[in-house]
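File shown here: structure_1.txt, holding compact mmCIF, C-alpha atoms.
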```txt
# COMPACT_ATOMS: atom_id res chain seq x y z
CA MET A 11 18.91 33.74 -3.99
CA ILE A 12 15.42 32.60 -3.01
CA HIS A 13 14.62 31.90 0.63
CA THR A 14 13.41 28.33 1.16
CA THR A 15 11.86 26.48 4.07
CA GLU A 16 13.35 23.05 4.84
CA THR A 17 11.41 20.55 6.92
CA LEU A 18 10.68 16.87 7.51
CA LEU A 19 7.00 16.67 6.65
CA ASN A 20 4.92 13.90 8.21
CA THR A 21 3.09 12.30 5.30
CA GLY A 22 1.19 9.09 5.96
CA GLY A 23 3.19 8.39 9.11
CA VAL A 24 6.64 8.81 7.52
CA HIS A 25 8.87 11.86 7.29
CA LEU A 26 9.74 13.27 3.88
CA TYR A 27 12.41 15.92 3.48
CA THR A 28 10.97 18.94 1.68
CA LYS A 29 12.32 22.30 0.54
CA TYR A 30 9.83 24.88 -0.60
CA SER A 31 9.33 28.57 -1.25
CA PHE A 32 5.94 30.14 -2.02
CA PRO A 33 6.66 33.90 -2.25
CA LEU A 34 4.48 34.56 -5.30
CA PRO A 35 0.72 34.37 -4.61
CA GLY A 36 -1.26 33.30 -7.64
CA ARG A 37 1.73 31.78 -9.42
CA PRO A 38 2.13 28.02 -10.04
CA VAL A 39 4.44 25.80 -8.00
CA LEU A 40 7.24 23.97 -9.81
CA VAL A 41 7.54 20.56 -8.13
CA PHE A 42 10.74 18.59 -8.77
CA LEU A 43 10.68 14.77 -8.64
CA HIS A 44 14.10 13.11 -8.69
CA ASP A 45 15.21 9.94 -10.46
CA SER A 46 15.61 6.40 -9.12
CA LEU A 47 18.97 7.10 -7.42
CA GLY A 48 18.51 10.83 -6.88
CA CYS A 49 17.46 13.31 -4.22
CA THR A 50 16.93 17.05 -3.74
CA GLN A 51 20.66 17.80 -3.59
CA LEU A 52 21.35 16.18 -6.96
CA TRP A 53 19.18 18.71 -8.76
CA ARG A 54 21.99 21.19 -7.96
CA ASP A 55 20.85 24.73 -8.86
CA LEU A 56 18.31 23.79 -11.54
CA PRO A 57 15.20 24.43 -9.39
CA GLU A 58 16.45 27.84 -8.31
CA ARG A 59 17.41 28.90 -11.83
CA LEU A 60 14.16 27.68 -13.34
CA VAL A 61 11.91 29.35 -10.77
CA GLU A 62 13.80 32.62 -11.16
CA GLU A 63 13.46 32.45 -14.95
CA THR A 64 9.75 31.55 -14.88
CA GLN A 65 8.67 33.45 -11.74
CA CYS A 66 7.11 30.38 -10.15
CA ASN A 67 7.06 29.06 -6.60
CA VAL A 68 8.98 25.84 -5.88
CA LEU A 69 8.82 22.52 -4.01
CA VAL A 70 11.59 19.93 -4.04
CA TYR A 71 11.39 16.75 -1.96
CA ASP A 72 13.08 13.42 -1.27
CA ARG A 73 10.85 10.38 -1.68
CA LEU A 74 10.75 7.77 1.07
CA GLY A 75 14.12 6.00 1.32
CA TYR A 76 16.10 8.75 -0.40
CA GLY A 77 18.32 11.60 0.71
CA LYS A 78 17.19 13.06 4.03
CA SER A 79 13.81 11.31 4.19
CA ASP A 80 12.99 8.28 6.33
CA PRO A 81 14.41 4.91 5.19
CA LEU A 82 12.42 2.38 3.19
CA PRO A 83 10.65 -0.19 5.38
CA SER A 84 11.67 -2.92 2.92
CA ARG A 85 13.67 -3.31 -0.28
CA HIS A 86 10.77 -5.16 -1.87
CA ARG A 87 8.61 -2.95 -4.03
CA ALA A 88 5.21 -3.79 -5.46
CA ILE A 89 4.75 -3.68 -9.23
CA ASP A 90 2.65 -0.52 -8.79
CA TYR A 91 5.19 1.29 -6.59
CA LEU A 92 5.31 4.28 -8.95
CA GLU A 93 1.52 4.59 -8.82
CA ARG A 94 1.78 4.54 -5.02
CA GLU A 95 4.39 7.30 -5.18
CA ALA A 96 1.95 9.38 -7.23
CA ALA A 97 -0.57 9.01 -4.40
CA VAL A 98 2.07 10.18 -1.90
CA LEU A 99 2.76 13.18 -4.13
CA ASN A 100 -0.95 14.01 -4.17
CA ASP A 101 -1.03 13.82 -0.36
CA LEU A 102 1.98 16.14 -0.21
CA LEU A 103 0.34 18.65 -2.55
CA GLN A 104 -2.83 18.56 -0.45
CA GLN A 105 -0.87 19.08 2.76
CA LEU A 106 0.90 22.12 1.33
CA HIS A 107 -2.30 23.46 -0.30
CA ILE A 108 -0.86 23.27 -3.82
CA ALA A 109 -3.54 23.19 -6.51
CA ASP A 110 -1.52 24.39 -9.51
CA ALA A 111 1.59 22.19 -9.64
CA ILE A 112 3.90 22.08 -12.64
CA LEU A 113 5.63 18.74 -12.19
CA PHE A 114 9.24 18.45 -13.37
CA GLY A 115 10.14 14.78 -13.12
CA HIS A 116 13.27 12.90 -14.16
CA SER A 117 13.24 9.14 -14.91
CA ASP A 118 11.21 7.51 -12.10
CA GLY A 119 10.16 11.04 -11.14
CA ALA A 120 8.88 11.64 -14.66
CA SER A 121 6.86 8.42 -14.64
CA ILE A 122 5.37 9.45 -11.29
CA SER A 123 4.56 12.88 -12.72
CA LEU A 124 2.67 11.38 -15.66
CA ILE A 125 0.73 9.07 -13.34
CA ALA A 126 -0.14 11.95 -11.01
CA ALA A 127 -1.32 14.10 -13.92
CA ALA A 128 -3.60 11.26 -15.01
CA LEU A 129 -5.00 10.37 -11.59
CA TYR A 130 -5.05 13.77 -9.86
CA PRO A 131 -5.72 16.27 -12.68
CA GLU A 132 -7.24 18.84 -10.35
CA ARG A 133 -3.81 19.55 -8.83
CA VAL A 134 -1.53 19.32 -11.88
CA ARG A 135 -1.29 22.23 -14.29
CA ALA A 136 1.47 20.82 -16.52
CA VAL A 137 4.29 18.26 -16.66
CA VAL A 138 7.91 18.42 -17.78
CA SER A 139 8.67 14.74 -18.35
CA GLU A 140 12.41 14.06 -18.63
CA ALA A 141 13.40 10.50 -19.62
CA ALA A 142 10.18 8.90 -18.39
CA HIS A 143 9.42 5.21 -18.68
CA ILE A 144 5.91 4.12 -19.55
CA PHE A 145 6.91 0.46 -20.06
CA VAL A 146 9.98 -1.74 -19.61
CA GLU A 147 12.38 -2.25 -22.52
CA ASP A 148 15.38 -4.53 -23.03
CA ILE A 149 17.63 -1.46 -23.11
CA THR A 150 16.26 -0.48 -19.69
CA LEU A 151 17.32 -3.80 -18.20
CA ARG A 152 20.74 -3.64 -19.88
CA GLY A 153 21.29 -0.16 -18.48
CA ILE A 154 20.35 -1.27 -14.97
CA LEU A 155 22.58 -4.36 -15.09
CA HIS A 156 25.44 -2.15 -16.27
CA ASN A 157 24.87 0.06 -13.24
CA VAL A 158 24.87 -2.99 -10.97
CA ASP A 159 28.29 -3.85 -12.37
CA LEU A 160 29.51 -0.28 -11.77
CA TYR A 161 28.09 -0.33 -8.24
CA GLU A 162 30.03 -3.48 -7.43
CA ARG A 163 33.30 -2.62 -9.22
CA THR A 164 33.72 1.16 -8.96
CA ASP A 165 33.21 3.96 -6.44
CA LEU A 166 29.55 4.44 -7.44
CA LYS A 167 28.37 3.24 -4.03
CA GLN A 168 30.66 5.69 -2.24
CA ARG A 169 29.43 8.55 -4.43
CA LEU A 170 25.81 7.70 -3.68
CA GLU A 171 26.58 7.51 0.04
CA ARG A 172 27.29 11.25 0.02
CA TYR A 173 23.58 11.79 -0.53
CA HIS A 174 21.82 8.72 0.89
CA GLY A 175 24.18 7.76 3.74
CA ASP A 176 23.42 4.38 5.31
CA LYS A 177 20.29 4.09 3.14
CA THR A 178 22.40 3.71 -0.02
CA GLU A 179 22.32 -0.08 -0.25
CA ASP A 180 18.54 -0.12 0.09
CA VAL A 181 18.14 2.71 -2.45
CA PHE A 182 20.25 0.93 -5.05
CA ARG A 183 19.09 -2.64 -4.53
CA SER A 184 15.39 -1.77 -4.33
CA TRP A 185 15.69 -0.05 -7.71
CA ALA A 186 17.84 -2.65 -9.46
CA ASP A 187 16.07 -5.68 -7.98
CA THR A 188 12.58 -4.35 -8.73
CA TRP A 189 13.16 -3.42 -12.36
CA THR A 190 14.97 -6.67 -13.19
CA ARG A 191 12.33 -8.90 -11.55
CA ALA A 192 10.49 -11.13 -14.00
CA ASP A 193 7.06 -9.95 -12.85
CA PHE A 194 7.97 -6.28 -13.27
CA ARG A 195 8.44 -6.75 -17.01
CA SER A 196 4.67 -6.39 -17.37
CA TRP A 197 4.60 -2.94 -15.74
CA ASN A 198 3.00 -0.44 -18.12
CA ILE A 199 1.20 2.90 -17.68
CA GLU A 200 0.15 3.55 -21.28
CA HIS A 201 -3.50 3.05 -20.31
CA LEU A 202 -3.32 6.09 -18.00
CA LEU A 203 -1.95 8.55 -20.53
CA PRO A 204 -5.25 9.42 -22.28
CA ARG A 205 -6.54 10.65 -18.92
CA ILE A 206 -3.94 13.44 -18.81
CA GLN A 207 -5.68 16.77 -19.41
CA CYS A 208 -2.74 19.16 -19.07
CA PRO A 209 0.18 20.15 -21.34
CA VAL A 210 3.21 17.82 -21.22
CA LEU A 211 6.76 18.55 -22.42
CA VAL A 212 8.15 15.13 -23.39
CA MET A 213 11.93 15.42 -23.11
CA GLN A 214 14.44 12.65 -23.74
CA GLY A 215 17.98 12.35 -25.07
CA ASP A 216 18.32 10.42 -28.31
CA ALA A 217 21.24 8.52 -26.75
CA ASP A 218 19.36 7.56 -23.56
CA GLU A 219 20.98 4.41 -22.19
CA PHE A 220 17.81 3.36 -20.35
CA GLY A 221 15.12 3.82 -22.99
CA THR A 222 14.47 4.21 -26.71
CA LEU A 223 12.42 6.92 -28.35
CA ALA A 224 9.52 4.47 -28.24
CA GLN A 225 8.96 5.93 -24.76
CA VAL A 226 8.60 9.43 -26.23
CA GLU A 227 6.35 8.29 -29.06
CA GLY A 228 4.20 6.31 -26.64
CA ILE A 229 3.67 9.36 -24.43
CA LEU A 230 2.89 11.57 -27.42
CA LYS A 231 0.37 9.03 -28.72
CA GLY A 232 -1.28 8.56 -25.33
CA VAL A 233 -1.48 12.21 -24.30
CA GLY A 234 -2.31 13.53 -27.76
CA GLU A 235 -2.16 17.14 -28.90
CA LYS A 236 -1.42 18.44 -25.40
CA ALA A 237 2.05 16.81 -25.57
CA GLU A 238 5.12 18.55 -27.01
CA ARG A 239 8.06 16.53 -28.36
CA CYS A 240 11.55 17.50 -27.17
CA VAL A 241 14.30 15.08 -28.22
CA ILE A 242 17.78 16.31 -27.26
CA PRO A 243 20.48 15.30 -29.77
CA GLY A 244 23.44 13.47 -28.27
CA ALA A 245 22.08 13.48 -24.71
CA GLY A 246 21.75 10.37 -22.60
CA HIS A 247 19.44 9.69 -19.67
CA THR A 248 19.99 13.07 -17.98
CA PRO A 249 19.51 15.90 -20.49
CA HIS A 250 19.31 18.56 -17.76
CA LYS A 251 22.97 17.82 -17.00
CA GLU A 252 24.29 16.50 -20.32
CA ALA A 253 22.70 19.21 -22.47
CA ALA A 254 22.05 21.70 -19.69
CA LYS A 255 21.59 24.87 -21.75
CA LEU A 256 19.17 23.41 -24.28
CA ALA A 257 17.19 21.44 -21.69
CA PHE A 258 16.88 24.54 -19.51
CA GLU A 259 15.80 26.75 -22.41
CA ARG A 260 13.15 24.30 -23.60
CA SER A 261 11.83 23.75 -20.06
CA ALA A 262 11.69 27.47 -19.29
CA ALA A 263 9.98 28.28 -22.59
CA PHE A 264 7.39 25.56 -21.96
CA VAL A 265 6.60 26.82 -18.46
CA LYS A 266 6.43 30.47 -19.54
CA GLY A 267 4.23 29.49 -22.47
CA LEU A 268 1.58 28.16 -20.09
CA SER A 269 0.67 31.75 -19.23
CA ASP A 270 0.49 32.94 -22.83
```

Here is a file; write its structure as structure tokens.
Amino acid sequence: MIHTTETLLNTGGVHLYTKYSFPLPGRPVLVFLHDSLGCTQLWRDLPERLVEETQCNVLVYDRLGYGKSDPLPSRHRAIDYLEREAAVLNDLLQQLHIADAILFGHSDGASISLIAAALYPERVRAVVSEAAHIFVEDITLRGILHNVDLYERTDLKQRLERYHGDKTEDVFRSWADTWTRADFRSWNIEHLLPRIQCPVLVMQGDADEFGTLAQVEGILKGVGEKAERCVIPGAGHTPHKEAAKLAFERSAAFVKGLSD
């Protein structure tokens, strides 16, 4: 069991919930970025297991509006909200004096990780990109609308409330409303990918209900030879849960290989 520090860190005038442990001087910091409905708690024990396997330090945090962080000021999000989140991540890394981050991002968190690697290369050593989006697809919108239906007809809202409390409605609607807006259809970060200088593990399930393998191929094309393809057979949008053993093994091998 690793000892972690938990705190609400003042970043740009708002408080972000962070958990971190830096017991290994000279070793990289694994930074976990959750998905569009996630938070630190929903990673379960993955961060702890991965840092123990790879002998890295660790930082996990809730973005603004999620989990134990401050609420969103508004449900409306700009088209470049993921780019703005990458800037917040950079501020957080600066505040905690992290200059060798290995970003492990899922879904929105993976897109943010790719953007951060492109825009702030001096702080990012590598990226594990799990189910990232680099553009909007029809399947993405269908998946979101299906989740809207589940939110309104099932206990999905109640399950999310365990983690987001009274922020749940804002968390869900800001995600669903933003991605299904007509103007958001033009969102695209392919132009940033050639700026990524570090290794990237491009992980996605071949049954992802929110994106086709065009996302994977687009990242591989944009990043080039520094990118490693990792398509998980039979897995959907969350390989680290749906194919936990294989996703863990591939992630751990990638991180350990950075030192080889």

- Query: Pick the closest to Cys240 of chain A from A:Asp148, A:Glu200, A:Glu140, A:Glu62: which is it, counting only C-alpha atoms?
  - Reply: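 Closest to Cys240 of chain A, using only C-alpha atoms: A:Glu140.
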
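Among the candidate residues A:Arg260, A:Lys255, A:Arg163, A:His250, the one lying nearest to Leu211 of chain A is A:Arg260, with distances computed using all atoms listed in the file.
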
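Using only C-alpha atoms for every distance, the candidate list A:Leu160, A:Leu129, A:Leu170, A:Ala254 yields A:Leu129 as the residue closest to Leu99 of chain A.
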
- Query: If we count all atoms listed in the file, what is near segment 117-121 of chain A at a cut-off of 9 Å, once residues fewer than 2 positions away on the same chain are taken out, given as a PyMOL selection string?
  - Reply: chain A and resi 42-46+92-93+96+113-115+123-126+137-144+199+247-248

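Closest to Leu52 of chain A among A:Asp187, A:Gly175, A:Lys251, A:Thr17 is A:Lys251, based on all atoms listed in the file.
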
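Restricting the calculation to all atoms listed in the file, the smallest distance between Arg172 of chain A and any of A:Leu19, A:Ala192, A:Leu47, A:Leu102 is found for A:Leu47.
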
- Task: Give me the residues within 10 Å of Glu235 of chain A as a PyMOL selection string, counting all atoms listed in the file and dropping any in the same chain fewer than 5 places off.
- Result: chain A and resi 209-210+230

- Nearest to Ala109 of chain A among A:Ile154, A:Val181, A:Leu40, A:Val212, with distances taken over all atoms listed in the file: which residue is it? A:Leu40

Could the centre and edge lengths of an axis-aligned box, enclosing all atoms of segment 171-190 of chain A in the file with 5 Å extra on each side, be given in Å to one decimal as AutoDock Vina command-line options?
```
--center_x 19.9 --center_y 2.6 --center_z -3.9 --size_x 24.7 --size_y 28.5 --size_z 28.5
```

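Around His107 of chain A, within 12 Å and counting all atoms listed in the file, the residues found are Phe32, Pro38, Val39, Leu69, Asn100, Asp101 and Arg133 of chain A, once anything fewer than 6 positions away on its own chain is removed.
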
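If you look at atom CA of Lys167 of chain A and atom CA of His86 of chain A, they are 19.6 Å away from each other.
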
- Message: Need to verify the contact set: Val24 of chain A, 12 Å, only C-alpha atoms, exclusion of same-chain residues closer than 2 positions in sequence. Can you return it as JSON, numbers by chain?
- Response: {"A": [18, 19, 20, 21, 22, 26, 27, 72, 73, 74, 75, 78, 79, 80, 81, 82, 83, 98, 102]}

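Pairwise distance (atom CA of Ala128 of chain A, atom CA of Asn198 of chain A) equals 13.8 Å.
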
- Quote the spacing between atom CA of Ser261 of chain A and atom CA of Leu202 of chain A in Å to one decimal place.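 Atom CA of Ser261 of chain A sits 23.4 Å away from atom CA of Leu202 of chain A.
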
Missing atoms in segment 177-190 of chain A need filling: write out N, CA and C atoms for it as a CSV table (one decimal), keeping the file's coordinate frame.
```csv
chain,number,residue,atom,x,y,z
A,177,LYS,N,21.4,4.6,3.9
A,177,LYS,CA,20.3,4.1,3.1
A,177,LYS,C,20.7,3.7,1.7
A,178,THR,N,22.0,3.9,1.4
A,178,THR,CA,22.4,3.7,0.0
A,178,THR,C,22.2,2.3,-0.6
A,179,GLU,N,22.5,1.3,0.2
A,179,GLU,CA,22.3,-0.1,-0.2
A,179,GLU,C,20.9,-0.4,-0.6
A,180,ASP,N,20.0,0.1,0.3
A,180,ASP,CA,18.5,-0.1,0.1
A,180,ASP,C,18.0,0.7,-1.1
A,181,VAL,N,18.5,1.9,-1.3
A,181,VAL,CA,18.1,2.7,-2.4
A,181,VAL,C,18.5,2.0,-3.7
A,182,PHE,N,19.8,1.5,-3.8
A,182,PHE,CA,20.2,0.9,-5.0
A,182,PHE,C,19.6,-0.4,-5.3
A,183,ARG,N,19.6,-1.3,-4.3
A,183,ARG,CA,19.1,-2.6,-4.5
A,183,ARG,C,17.6,-2.7,-4.8
A,184,SER,N,16.8,-1.8,-4.1
A,184,SER,CA,15.4,-1.8,-4.3
A,184,SER,C,15.1,-1.4,-5.8
A,185,TRP,N,15.9,-0.4,-6.3
A,185,TRP,CA,15.7,0.0,-7.7
A,185,TRP,C,16.1,-1.2,-8.7
A,186,ALA,N,17.3,-1.6,-8.5
A,186,ALA,CA,17.8,-2.6,-9.5
A,186,ALA,C,17.1,-4.0,-9.4
A,187,ASP,N,16.8,-4.4,-8.2
A,187,ASP,CA,16.1,-5.7,-8.0
A,187,ASP,C,14.6,-5.6,-8.5
A,188,THR,N,14.0,-4.5,-8.3
A,188,THR,CA,12.6,-4.4,-8.7
A,188,THR,C,12.5,-4.4,-10.3
A,189,TRP,N,13.3,-3.5,-10.9
A,189,TRP,CA,13.2,-3.4,-12.4
A,189,TRP,C,13.6,-4.7,-13.1
A,190,THR,N,14.5,-5.5,-12.5
A,190,THR,CA,15.0,-6.7,-13.2
A,190,THR,C,14.2,-7.9,-12.8
```
